[in-house]
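Q: What follows is protein.pdb, PDB, C-alpha atoms, pLDDT in the B column.
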```
ATOM      1  CA  VAL Y 202      58.364  53.729 -42.530  1.00 51.00           C
ATOM      2  CA  GLY Y 203      59.019  50.912 -40.079  1.00 54.00           C
ATOM      3  CA  CYS Y 204      59.542  47.405 -41.247  1.00 55.00           C
ATOM      4  CA  CYS Y 205      58.364  44.260 -39.537  1.00 53.00           C
ATOM      5  CA  PHE Y 206      60.166  40.986 -40.019  1.00 50.00           C
ATOM      6  CA  LEU Y 207      58.501  37.693 -39.108  1.00 50.00           C
ATOM      7  CA  PHE Y 208      60.739  34.728 -38.393  1.00 48.00           C
ATOM      8  CA  PHE Y 209      59.204  31.273 -38.241  1.00 49.00           C
ATOM      9  CA  CYS Y 210      61.155  28.213 -37.170  1.00 54.00           C
ATOM     10  CA  TRP Y 211      59.633  25.027 -38.472  1.00 55.00           C
ATOM     11  CA  ASP Y 212      59.398  22.164 -35.982  1.00 59.00           C
ATOM     12  CA  PRO Y 213      58.682  18.716 -37.416  1.00 57.00           C
ATOM     13  CA  TRP Y 214      56.553  17.934 -34.342  1.00 62.00           C
ATOM     14  CA  PHE Y 215      54.562  21.128 -34.725  1.00 58.00           C
ATOM     15  CA  LYS Y 216      51.170  20.721 -36.373  1.00 65.00           C
ATOM     16  CA  MET Y 217      48.965  23.574 -37.366  1.00 62.00           C
ATOM     17  CA  VAL Y 218      45.435  23.547 -36.041  1.00 61.00           C
ATOM     18  CA  LYS Y 219      42.545  22.973 -38.355  1.00 75.00           C
ATOM     19  CA  HIS Y 220      39.968  25.615 -39.132  1.00 83.00           C
ATOM     20  CA  ASN Y 221      39.916  29.079 -37.561  1.00 85.00           C
ATOM     21  CA  ASN Y 222      41.006  28.078 -34.028  1.00 83.00           C
ATOM     22  CA  ILE Y 223      43.518  29.604 -31.663  1.00 81.00           C
ATOM     23  CA  VAL Y 224      47.183  28.652 -32.069  1.00 81.00           C
ATOM     24  CA  PRO Y 225      48.248  26.484 -29.089  1.00 79.00           C
ATOM     25  CA  ASN Y 226      50.763  28.330 -26.909  1.00 82.00           C
ATOM     26  CA  VAL Y 227      50.651  26.654 -23.501  1.00 84.00           C
ATOM     27  CA  HIS Y 228      52.862  28.083 -20.709  1.00 79.00           C
ATOM     28  CA  LEU Y 229      53.851  25.184 -18.487  1.00 81.00           C
ATOM     29  CA  HIS Y 230      57.115  26.483 -16.999  1.00 80.00           C
ATOM     30  CA  LYS Y 231      55.614  28.262 -13.991  1.00 81.00           C
ATOM     31  CA  ASP Y 232      58.326  27.469 -11.401  1.00 85.00           C
ATOM     32  CA  TRP Y 233      55.559  26.726  -8.923  1.00 82.00           C
ATOM     33  CA  LYS Y 234      57.971  24.884  -6.614  1.00 84.00           C
ATOM     34  CA  LEU Y 235      59.641  28.191  -5.784  1.00 87.00           C
ATOM     35  CA  ARG Y 236      56.374  29.726  -4.553  1.00 87.00           C
ATOM     36  CA  VAL Y 237      54.981  26.853  -2.476  1.00 89.00           C
ATOM     37  CA  LYS Y 238      54.606  27.613   1.236  1.00 88.00           C
ATOM     38  CA  THR Y 239      55.226  24.505   3.321  1.00 89.00           C
ATOM     39  CA  TRP Y 240      54.115  23.795   6.886  1.00 92.00           C
ATOM     40  CA  PHE Y 241      56.614  21.147   7.904  1.00 95.00           C
ATOM     41  CA  ASP Y 242      57.454  23.026  11.105  1.00 95.00           C
ATOM     42  CA  GLN Y 243      53.958  22.538  12.572  1.00 96.00           C
ATOM     43  CA  PRO Y 244      54.950  19.770  15.049  1.00 97.00           C
ATOM     44  CA  GLY Y 245      58.019  21.744  16.087  1.00 97.00           C
ATOM     45  CA  ARG Y 246      56.006  24.937  16.635  1.00 97.00           C
ATOM     46  CA  LYS Y 247      53.563  22.980  18.776  1.00 97.00           C
ATOM     47  CA  GLN Y 248      56.376  21.881  21.074  1.00 98.00           C
ATOM     48  CA  THR Y 249      57.754  25.439  21.140  1.00 97.00           C
ATOM     49  CA  ARG Y 250      54.401  26.890  22.219  1.00 96.00           C
ATOM     50  CA  ARG Y 251      54.057  24.243  24.894  1.00 96.00           C
ATOM     51  CA  ARG Y 252      57.540  24.971  26.240  1.00 97.00           C
ATOM     52  CA  LYS Y 253      56.893  28.728  26.288  1.00 96.00           C
ATOM     53  CA  ARG Y 254      53.635  28.234  28.187  1.00 94.00           C
ATOM     54  CA  ALA Y 255      55.477  26.187  30.800  1.00 94.00           C
ATOM     55  CA  GLU Y 256      58.225  28.813  31.058  1.00 96.00           C
ATOM     56  CA  LYS Y 257      55.692  31.612  31.460  1.00 94.00           C
ATOM     57  CA  ALA Y 258      53.739  29.655  34.095  1.00 93.00           C
ATOM     58  CA  ALA Y 259      56.948  29.100  36.074  1.00 93.00           C
ATOM     59  CA  ALA Y 260      57.937  32.766  35.782  1.00 93.00           C
ATOM     60  CA  ILE Y 261      54.609  34.193  37.003  1.00 89.00           C
ATOM     61  CA  PHE Y 262      53.918  31.527  39.645  1.00 87.00           C
ATOM     62  CA  PRO Y 263      51.549  31.490  41.591  1.00 87.00           C
ATOM     63  CA  ARG Y 264      49.523  33.779  39.349  1.00 89.00           C
ATOM     64  CA  PRO Y 265      47.214  32.082  36.789  1.00 92.00           C
ATOM     65  CA  LEU Y 266      48.425  31.702  33.241  1.00 91.00           C
ATOM     66  CA  GLN Y 267      45.348  33.450  31.749  1.00 93.00           C
ATOM     67  CA  LYS Y 268      43.194  36.332  32.891  1.00 95.00           C
ATOM     68  CA  LEU Y 269      39.512  36.307  33.779  1.00 97.00           C
ATOM     69  CA  LYS Y 270      37.299  37.197  30.827  1.00 97.00           C
ATOM     70  CA  PRO Y 271      33.616  38.261  30.795  1.00 97.00           C
ATOM     71  CA  ILE Y 272      30.785  36.388  29.118  1.00 97.00           C
ATOM     72  CA  VAL Y 273      29.346  38.272  26.145  1.00 97.00           C
ATOM     73  CA  GLN Y 274      26.903  37.524  23.345  1.00 95.00           C
ATOM     74  CA  CYS Y 275      28.063  37.136  19.759  1.00 95.00           C
ATOM     75  CA  PRO Y 276      27.031  39.908  17.327  1.00 93.00           C
ATOM     76  CA  THR Y 277      24.520  39.715  14.443  1.00 95.00           C
ATOM     77  CA  VAL Y 278      21.123  38.073  14.417  1.00 95.00           C
ATOM     78  CA  ARG Y 279      22.591  34.766  13.325  1.00 96.00           C
ATOM     79  CA  TYR Y 280      24.866  34.262  16.345  1.00 95.00           C
ATOM     80  CA  ASN Y 281      23.410  36.494  19.083  1.00 93.00           C
ATOM     81  CA  ALA Y 282      22.050  33.457  20.931  1.00 91.00           C
ATOM     82  CA  LYS Y 283      25.578  32.097  21.437  1.00 93.00           C
ATOM     83  CA  SER Y 284      27.773  33.113  24.386  1.00 94.00           C
ATOM     84  CA  ARG Y 285      31.541  33.481  24.292  1.00 96.00           C
ATOM     85  CA  LEU Y 286      34.370  35.021  26.308  1.00 96.00           C
ATOM     86  CA  GLY Y 287      34.850  38.752  25.707  1.00 96.00           C
ATOM     87  CA  ARG Y 288      37.840  41.087  25.787  1.00 97.00           C
ATOM     88  CA  GLY Y 289      37.370  42.535  29.256  1.00 97.00           C
ATOM     89  CA  PHE Y 290      34.927  43.692  31.932  1.00 98.00           C
ATOM     90  CA  THR Y 291      33.338  47.126  31.660  1.00 97.00           C
ATOM     91  CA  LEU Y 292      33.919  49.900  34.184  1.00 97.00           C
ATOM     92  CA  ALA Y 293      30.284  49.647  35.292  1.00 97.00           C
ATOM     93  CA  GLU Y 294      30.624  45.928  36.008  1.00 97.00           C
ATOM     94  CA  LEU Y 295      33.784  46.525  38.045  1.00 97.00           C
ATOM     95  CA  LYS Y 296      32.086  49.321  40.001  1.00 97.00           C
ATOM     96  CA  ALA Y 297      29.098  47.088  40.806  1.00 97.00           C
ATOM     97  CA  ALA Y 298      31.522  44.433  42.106  1.00 97.00           C
ATOM     98  CA  ALA Y 299      33.375  47.048  44.226  1.00 96.00           C
ATOM     99  CA  LEU Y 300      36.584  46.809  42.186  1.00 96.00           C
ATOM    100  CA  SER Y 301      38.727  49.533  40.683  1.00 96.00           C
ATOM    101  CA  PRO Y 302      40.213  49.070  37.190  1.00 97.00           C
ATOM    102  CA  VAL Y 303      43.783  49.323  38.500  1.00 96.00           C
ATOM    103  CA  TYR Y 304      43.200  46.757  41.243  1.00 94.00           C
ATOM    104  CA  ALA Y 305      41.295  44.451  38.867  1.00 96.00           C
ATOM    105  CA  ARG Y 306      44.218  44.361  36.453  1.00 95.00           C
ATOM    106  CA  SER Y 307      46.605  43.576  39.290  1.00 92.00           C
ATOM    107  CA  VAL Y 308      44.647  40.465  40.353  1.00 92.00           C
ATOM    108  CA  GLY Y 309      44.234  38.934  36.892  1.00 93.00           C
ATOM    109  CA  ILE Y 310      40.977  40.505  35.664  1.00 96.00           C
ATOM    110  CA  SER Y 311      40.772  41.835  32.100  1.00 97.00           C
ATOM    111  CA  VAL Y 312      39.362  45.354  31.731  1.00 97.00           C
ATOM    112  CA  ASP Y 313      37.848  46.858  28.578  1.00 97.00           C
ATOM    113  CA  HIS Y 314      36.955  50.538  28.889  1.00 96.00           C
ATOM    114  CA  ARG Y 315      35.363  50.604  25.401  1.00 97.00           C
ATOM    115  CA  ARG Y 316      32.627  48.004  25.902  1.00 96.00           C
ATOM    116  CA  VAL Y 317      29.226  49.272  27.056  1.00 96.00           C
ATOM    117  CA  ASN Y 318      26.494  47.335  28.864  1.00 96.00           C
ATOM    118  CA  ARG Y 319      23.199  47.265  26.991  1.00 94.00           C
ATOM    119  CA  SER Y 320      21.567  44.307  28.738  1.00 94.00           C
ATOM    120  CA  GLU Y 321      20.629  44.007  32.402  1.00 96.00           C
ATOM    121  CA  GLU Y 322      20.837  40.224  32.215  1.00 95.00           C
ATOM    122  CA  ASN Y 323      24.413  40.196  30.869  1.00 96.00           C
ATOM    123  CA  PHE Y 324      25.407  42.937  33.292  1.00 97.00           C
ATOM    124  CA  ALA Y 325      24.157  40.944  36.287  1.00 97.00           C
ATOM    125  CA  ARG Y 326      25.790  37.771  34.960  1.00 96.00           C
ATOM    126  CA  ASN Y 327      29.225  39.387  34.716  1.00 97.00           C
ATOM    127  CA  VAL Y 328      28.897  41.043  38.132  1.00 97.00           C
ATOM    128  CA  ALA Y 329      28.093  37.642  39.639  1.00 97.00           C
ATOM    129  CA  ARG Y 330      31.110  36.233  37.764  1.00 97.00           C
ATOM    130  CA  LEU Y 331      33.362  38.872  39.338  1.00 97.00           C
ATOM    131  CA  ASN Y 332      32.004  38.219  42.815  1.00 97.00           C
ATOM    132  CA  GLU Y 333      32.541  34.489  42.416  1.00 96.00           C
ATOM    133  CA  TYR Y 334      36.121  35.126  41.288  1.00 95.00           C
ATOM    134  CA  LYS Y 335      36.710  37.380  44.309  1.00 93.00           C
ATOM    135  CA  ASN Y 336      35.519  34.643  46.680  1.00 92.00           C
ATOM    136  CA  LYS Y 337      37.860  32.091  45.077  1.00 90.00           C
ATOM    137  CA  LEU Y 338      40.807  34.494  44.868  1.00 90.00           C
ATOM    138  CA  VAL Y 339      43.871  33.724  47.008  1.00 88.00           C
ATOM    139  CA  LEU Y 340      46.089  36.803  47.444  1.00 86.00           C
ATOM    140  CA  PHE Y 341      49.716  36.238  48.366  1.00 86.00           C
ATOM    141  CA  PRO Y 342      51.180  38.981  50.607  1.00 86.00           C
ATOM    142  CA  ARG Y 343      53.812  41.226  49.098  1.00 82.00           C
ATOM    143  CA  ASN Y 344      55.605  41.291  52.438  1.00 82.00           C
ATOM    144  CA  ALA Y 345      55.301  38.053  54.386  1.00 78.00           C
ATOM    145  CA  SER Y 346      56.169  39.802  57.656  1.00 80.00           C
ATOM    146  CA  LYS Y 347      53.441  42.431  57.184  1.00 82.00           C
ATOM    147  CA  PRO Y 348      50.380  40.781  55.585  1.00 82.00           C
ATOM    148  CA  LYS Y 349      47.339  42.904  54.805  1.00 83.00           C
ATOM    149  CA  ALA Y 350      43.756  42.208  55.807  1.00 77.00           C
ATOM    150  CA  THR Y 351      42.847  41.193  52.241  1.00 78.00           C
ATOM    151  CA  ASP Y 352      45.714  38.682  51.994  1.00 82.00           C
ATOM    152  CA  ALA Y 353      45.081  34.969  52.378  1.00 81.00           C
ATOM    153  CA  SER Y 354      45.942  32.994  55.496  1.00 82.00           C
ATOM    154  CA  ALA Y 355      48.883  30.623  55.800  1.00 79.00           C
ATOM    155  CA  GLU Y 356      46.621  27.571  55.376  1.00 80.00           C
ATOM    156  CA  GLU Y 357      45.086  28.956  52.181  1.00 81.00           C
ATOM    157  CA  LEU Y 358      48.530  29.732  50.799  1.00 82.00           C
ATOM    158  CA  GLU Y 359      49.625  26.125  51.287  1.00 82.00           C
ATOM    159  CA  LYS Y 360      46.546  24.770  49.473  1.00 82.00           C
ATOM    160  CA  ALA Y 361      46.749  27.294  46.625  1.00 83.00           C
ATOM    161  CA  THR Y 362      47.503  25.943  43.141  1.00 86.00           C
ATOM    162  CA  GLN Y 363      48.222  27.646  39.846  1.00 87.00           C
ATOM    163  CA  GLN Y 364      45.471  27.683  37.227  1.00 86.00           C
ATOM    164  CA  ARG Y 365      46.867  27.152  33.728  1.00 86.00           C
ATOM    165  CA  GLY Y 366      43.681  26.756  31.695  1.00 89.00           C
ATOM    166  CA  VAL Y 367      40.745  29.080  31.054  1.00 93.00           C
ATOM    167  CA  LEU Y 368      39.554  30.713  34.257  1.00 92.00           C
ATOM    168  CA  MET Y 369      35.927  29.861  35.007  1.00 93.00           C
ATOM    169  CA  PRO Y 370      35.038  28.515  31.531  1.00 94.00           C
ATOM    170  CA  ILE Y 371      31.528  28.781  30.137  1.00 93.00           C
ATOM    171  CA  LYS Y 372      29.375  25.814  31.069  1.00 88.00           C
ATOM    172  CA  ALA Y 373      26.606  25.468  28.510  1.00 81.00           C
ATOM    173  CA  PRO Y 374      23.475  23.873  30.000  1.00 79.00           C
ATOM    174  CA  ARG Y 375      22.521  20.602  28.384  1.00 82.00           C
ATOM    175  CA  ALA Y 376      18.911  20.379  27.314  1.00 82.00           C
ATOM    176  CA  ARG Y 377      17.631  16.926  28.146  1.00 86.00           C
ATOM    177  CA  ALA Y 378      14.331  15.579  26.869  1.00 87.00           C
ATOM    178  CA  GLU Y 379      11.936  14.246  29.470  1.00 89.00           C
ATOM    179  CA  LYS Y 380      10.640  10.718  28.991  1.00 91.00           C
ATOM    180  CA  ARG Y 381       7.136   9.636  29.935  1.00 91.00           C
ATOM    181  CA  ALA Y 382       4.549   7.085  28.941  1.00 92.00           C
ATOM    182  CA  ILE Y 383       2.027   7.906  26.201  1.00 90.00           C
ATOM    183  CA  THR Y 384      -1.491   8.282  27.600  1.00 91.00           C
ATOM    184  CA  ALA Y 385      -4.582   6.617  26.187  1.00 91.00           C
ATOM    185  CA  GLU Y 386      -6.039   9.969  25.079  1.00 90.00           C
ATOM    186  CA  GLU Y 387      -2.887  10.765  23.114  1.00 88.00           C
ATOM    187  CA  LYS Y 388      -3.059   7.391  21.395  1.00 89.00           C
ATOM    188  CA  LYS Y 389      -6.601   8.132  20.169  1.00 90.00           C
ATOM    189  CA  LYS Y 390      -5.520  11.456  18.615  1.00 91.00           C
ATOM    190  CA  SER Y 391      -3.663  11.711  15.315  1.00 92.00           C
ATOM    191  CA  ALA Y 392      -0.845  14.244  15.064  1.00 91.00           C
ATOM    192  CA  PHE Y 393      -1.065  14.229  11.273  1.00 94.00           C
ATOM    193  CA  GLN Y 394      -4.796  14.918  11.332  1.00 94.00           C
ATOM    194  CA  THR Y 395      -4.357  17.717  13.870  1.00 94.00           C
ATOM    195  CA  LEU Y 396      -1.785  19.450  11.672  1.00 96.00           C
ATOM    196  CA  ARG Y 397      -3.943  19.071   8.558  1.00 96.00           C
ATOM    197  CA  VAL Y 398      -6.982  20.570  10.306  1.00 96.00           C
ATOM    198  CA  ALA Y 399      -4.959  23.493  11.677  1.00 96.00           C
ATOM    199  CA  ARG Y 400      -3.468  24.143   8.233  1.00 97.00           C
ATOM    200  CA  SER Y 401      -6.916  24.078   6.635  1.00 96.00           C
ATOM    201  CA  GLN Y 402      -8.377  26.443   9.229  1.00 96.00           C
ATOM    202  CA  ARG Y 403      -5.559  28.903   8.693  1.00 96.00           C
ATOM    203  CA  ARG Y 404      -5.876  28.727   4.907  1.00 96.00           C
ATOM    204  CA  LEU Y 405      -9.650  29.213   4.926  1.00 96.00           C
ATOM    205  CA  ALA Y 406      -9.824  31.792   7.726  1.00 96.00           C
ATOM    206  CA  GLY Y 407     -10.133  34.790   5.393  1.00 95.00           C
ATOM    207  CA  TYR Y 408     -12.678  33.114   3.128  1.00 95.00           C
ATOM    208  CA  ARG Y 409     -14.872  32.053   6.062  1.00 95.00           C
ATOM    209  CA  LYS Y 410     -14.677  35.505   7.612  1.00 95.00           C
ATOM    210  CA  LYS Y 411     -15.716  37.162   4.364  1.00 95.00           C
ATOM    211  CA  LYS Y 412     -18.559  34.680   3.886  1.00 94.00           C
ATOM    212  CA  ALA Y 413     -19.842  35.257   7.427  1.00 94.00           C
ATOM    213  CA  GLU Y 414     -19.847  39.047   6.892  1.00 94.00           C
ATOM    214  CA  GLU Y 415     -21.790  38.666   3.636  1.00 93.00           C
ATOM    215  CA  GLU Y 416     -24.441  36.505   5.315  1.00 93.00           C
ATOM    216  CA  ALA Y 417     -24.711  38.967   8.187  1.00 93.00           C
ATOM    217  CA  ASN Y 418     -25.254  41.899   5.773  1.00 91.00           C
ATOM    218  CA  LYS Y 419     -28.115  40.147   3.930  1.00 83.00           C
TER     219      LYS Y 419
END
```
Would you put the structure from the file into structure tokens?

A:
Amino acid sequence: VGCCFLFFCWDPWFKMVKHNNIVPNVHLHKDWKLRVKTWFDQPGRKQTRRRKRAEKAAAIFPRPLQKLKPIVQCPTVRYNAKSRLGRGFTLAELKAAALSPVYARSVGISVDHRRVNRSEENFARNVARLNEYKNKLVLFPRNASKPKATDASAEELEKATQQRGVLMPIKAPRARAEKRAITAEEKKKSAFQTLRVARSQRRLAGYRKKKAEEEANK
């Protein structure tokens, strides 16, 4: 038979609780300072990212720092009205713009072979985006002594600059309200009264229809 010994050390500051309540046993020594994750290196990381962007831009000069991305619609019913930049152009969009996937990747165009076009409007928009990029593209010759027909001229090469930001960013159209003077006929009408009458007609439509049918059947 096992024995159980209970040792109790009396503390003069310890007071027993009244009634049938729980005995206080608060754990306050959590050593939380050992598990705190600080972010004091945020300003330093910002400077590091900026320096790396500059180093990459200098290494790949005159190519742009970012690649061309397509415009796609956000998923779900809540956000499908919003446009954003996608992962890459589809093979069908590249074919419509007379570009091969290998050549598109070599001139700074992102390609996504998984995405599928399900909208004619978005398909035409991305094809127009590719054509606009092709017209603005300045190709440097691999061999200066033997330039190809698709390479840029000497004048275009001198004017060419490196693009470091987002290539062809999305420009959201701003909806502006048109201003005009209020006519005399509009001043005579009451918007509140118009809404109240329309609400009443909609609420009583079924009752009036049923009443008209009953009178017609008499």

Q: Taking 4 positions as the minimum chain separation for residues in the same chain, which residues sit within 7 Å of region 308-315 of chain Y when counting all atoms listed in the file? Answer as a PDB file with C-alpha atoms, keeping the file's coordinate frame.

A:
```
ATOM      1  CA  LYS Y 268      43.194  36.332  32.891  1.00 95.00           C
ATOM      2  CA  LEU Y 269      39.512  36.307  33.779  1.00 97.00           C
ATOM      3  CA  LYS Y 270      37.299  37.197  30.827  1.00 97.00           C
ATOM      4  CA  ARG Y 288      37.840  41.087  25.787  1.00 97.00           C
ATOM      5  CA  GLY Y 289      37.370  42.535  29.256  1.00 97.00           C
ATOM      6  CA  PHE Y 290      34.927  43.692  31.932  1.00 98.00           C
ATOM      7  CA  THR Y 291      33.338  47.126  31.660  1.00 97.00           C
ATOM      8  CA  LEU Y 292      33.919  49.900  34.184  1.00 97.00           C
ATOM      9  CA  PRO Y 302      40.213  49.070  37.190  1.00 97.00           C
ATOM     10  CA  TYR Y 304      43.200  46.757  41.243  1.00 94.00           C
TER      11      TYR Y 304
END
```

Q: Suppose you want the space between CA of Glu256 (chain Y) and CA of Val303 (chain Y); what is it in Å?

A: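 According to the coordinates, CA of Glu256 (chain Y) and CA of Val303 (chain Y) are separated by 26.2 Å.
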
Q: I'd like to know which of Y:Thr351, Y:Asn281, Y:Asn222, Y:Asn327 is closest to Ile371 (chain Y), using all atoms listed in the file.

A: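 The shortest atom-to-atom distance to Ile371 (chain Y) comes from Y:Asn327.
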
Q: Using all atoms listed in the file, which of Y:Ala392, Y:Ala406, Y:Val273, Y:Ala378 sits nearest Glu322 (chain Y)?

A: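 Closest to Glu322 (chain Y), using all atoms listed in the file: Y:Val273.
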
Q: Can you list, as a count of residues only, every protein, DNA or RNA residue that comes within 12 Å of Arg285 (chain Y) when you count all atoms listed in the file, leaving out same-chain residues fewer than 6 positions away?

A: 12

Q: Could you work out how far CA of Ala258 (chain Y) lies from CA of Lys337 (chain Y), giving the answer in Å with one decimal?

A: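 It comes out at 19.5 Å.
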
Q: Identify all residues satisfying the PyMOL selection byres ((chain Y and resi 357) around 12) in the given file; provide them as number ranges by chain.

A: Y: 337-342, 352-356, 358-362

Q: Rounded to one decimal in Å, what is the spacing between CA of Ala297 (chain Y) and CA of Lys335 (chain Y)?

A: 12.8 Å

Q: What box, with edges along x, y and z, holds each listed atom of region 372-380 of chain Y when 3 Å is added on every side, and can you state its centre and edge lengths in Å to one decimal, as lines of an AutoDock Vina configuration file?

A:
```
center_x = 20.0
center_y = 18.3
center_z = 29.0
size_x = 24.7
size_y = 21.1
size_z = 10.2
```

Q: Quick one: everything within 8 Å of region 261-266 of chain Y, counting all atoms listed in the file, minus sequence neighbours fewer than 4 positions away in the same chain. Send it as a ChimeraX atom specification.

A: /Y:257,309,362-366

Q: Between Y:Arg375, Y:Val328, Y:Arg279, Y:Arg343, which residue has the minimum interatomic distance to Leu300 (chain Y), considering all atoms listed in the file?

A: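 Among Y:Arg375, Y:Val328, Y:Arg279, Y:Arg343, it is Y:Val328 that comes nearest to Leu300 (chain Y).
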
Q: All heavy atoms are needed for region 342-349 of chain Y; please write them out as a tab-separated table (two decimals), keeping the file's coordinate frame.

A:
```
chain	number	residue	atom	x	y	z
Y	342	PRO	N	50.70	37.68	50.08
Y	342	PRO	CA	51.18	38.98	50.61
Y	342	PRO	C	52.47	39.41	49.92
Y	342	PRO	O	53.33	38.59	49.61
Y	342	PRO	CB	51.39	38.70	52.10
Y	342	PRO	CG	51.64	37.23	52.16
Y	342	PRO	CD	50.82	36.61	51.07
Y	343	ARG	N	52.57	40.70	49.66
Y	343	ARG	CA	53.81	41.23	49.10
Y	343	ARG	C	54.96	41.12	50.11
Y	343	ARG	O	56.08	40.79	49.74
Y	343	ARG	CB	53.62	42.69	48.68
Y	343	ARG	CG	52.69	42.87	47.50
Y	343	ARG	CD	52.54	44.34	47.17
Y	343	ARG	NE	51.67	44.55	46.01
Y	343	ARG	CZ	52.10	44.58	44.75
Y	343	ARG	NH1	53.39	44.41	44.49
Y	343	ARG	NH2	51.26	44.78	43.76
Y	344	ASN	N	54.63	41.39	51.36
Y	344	ASN	CA	55.60	41.29	52.44
Y	344	ASN	C	55.09	40.25	53.43
Y	344	ASN	O	54.05	40.46	54.07
Y	344	ASN	CB	55.81	42.65	53.12
Y	344	ASN	CG	56.99	42.64	54.08
Y	344	ASN	OD1	57.59	41.59	54.33
Y	344	ASN	ND2	57.31	43.79	54.64
Y	345	ALA	N	55.79	39.13	53.53
Y	345	ALA	CA	55.30	38.05	54.39
Y	345	ALA	C	55.26	38.46	55.85
Y	345	ALA	O	54.43	37.97	56.62
Y	345	ALA	CB	56.17	36.81	54.21
Y	346	SER	N	56.14	39.38	56.25
Y	346	SER	CA	56.17	39.80	57.66
Y	346	SER	C	55.05	40.79	57.98
Y	346	SER	O	54.68	40.93	59.15
Y	346	SER	CB	57.53	40.43	57.98
Y	346	SER	OG	57.76	41.55	57.14
Y	347	LYS	N	54.51	41.46	56.95
Y	347	LYS	CA	53.44	42.43	57.18
Y	347	LYS	C	52.28	42.15	56.24
Y	347	LYS	O	52.06	42.87	55.27
Y	347	LYS	CB	53.96	43.85	56.96
Y	347	LYS	CG	55.05	44.28	57.92
Y	347	LYS	CD	55.50	45.69	57.62
Y	347	LYS	CE	56.61	46.13	58.57
Y	347	LYS	NZ	57.07	47.51	58.27
Y	348	PRO	N	51.51	41.08	56.47
Y	348	PRO	CA	50.38	40.78	55.58
Y	348	PRO	C	49.24	41.77	55.80
Y	348	PRO	O	49.02	42.27	56.90
Y	348	PRO	CB	49.99	39.36	56.00
Y	348	PRO	CG	50.43	39.25	57.42
Y	348	PRO	CD	51.67	40.10	57.55
Y	349	LYS	N	48.49	42.01	54.73
Y	349	LYS	CA	47.34	42.90	54.80
Y	349	LYS	C	46.09	42.12	55.16
Y	349	LYS	O	46.08	40.88	55.16
Y	349	LYS	CB	47.16	43.64	53.47
Y	349	LYS	CG	48.31	44.55	53.11
Y	349	LYS	CD	48.02	45.27	51.81
Y	349	LYS	CE	49.17	46.20	51.43
Y	349	LYS	NZ	48.91	46.92	50.15
```
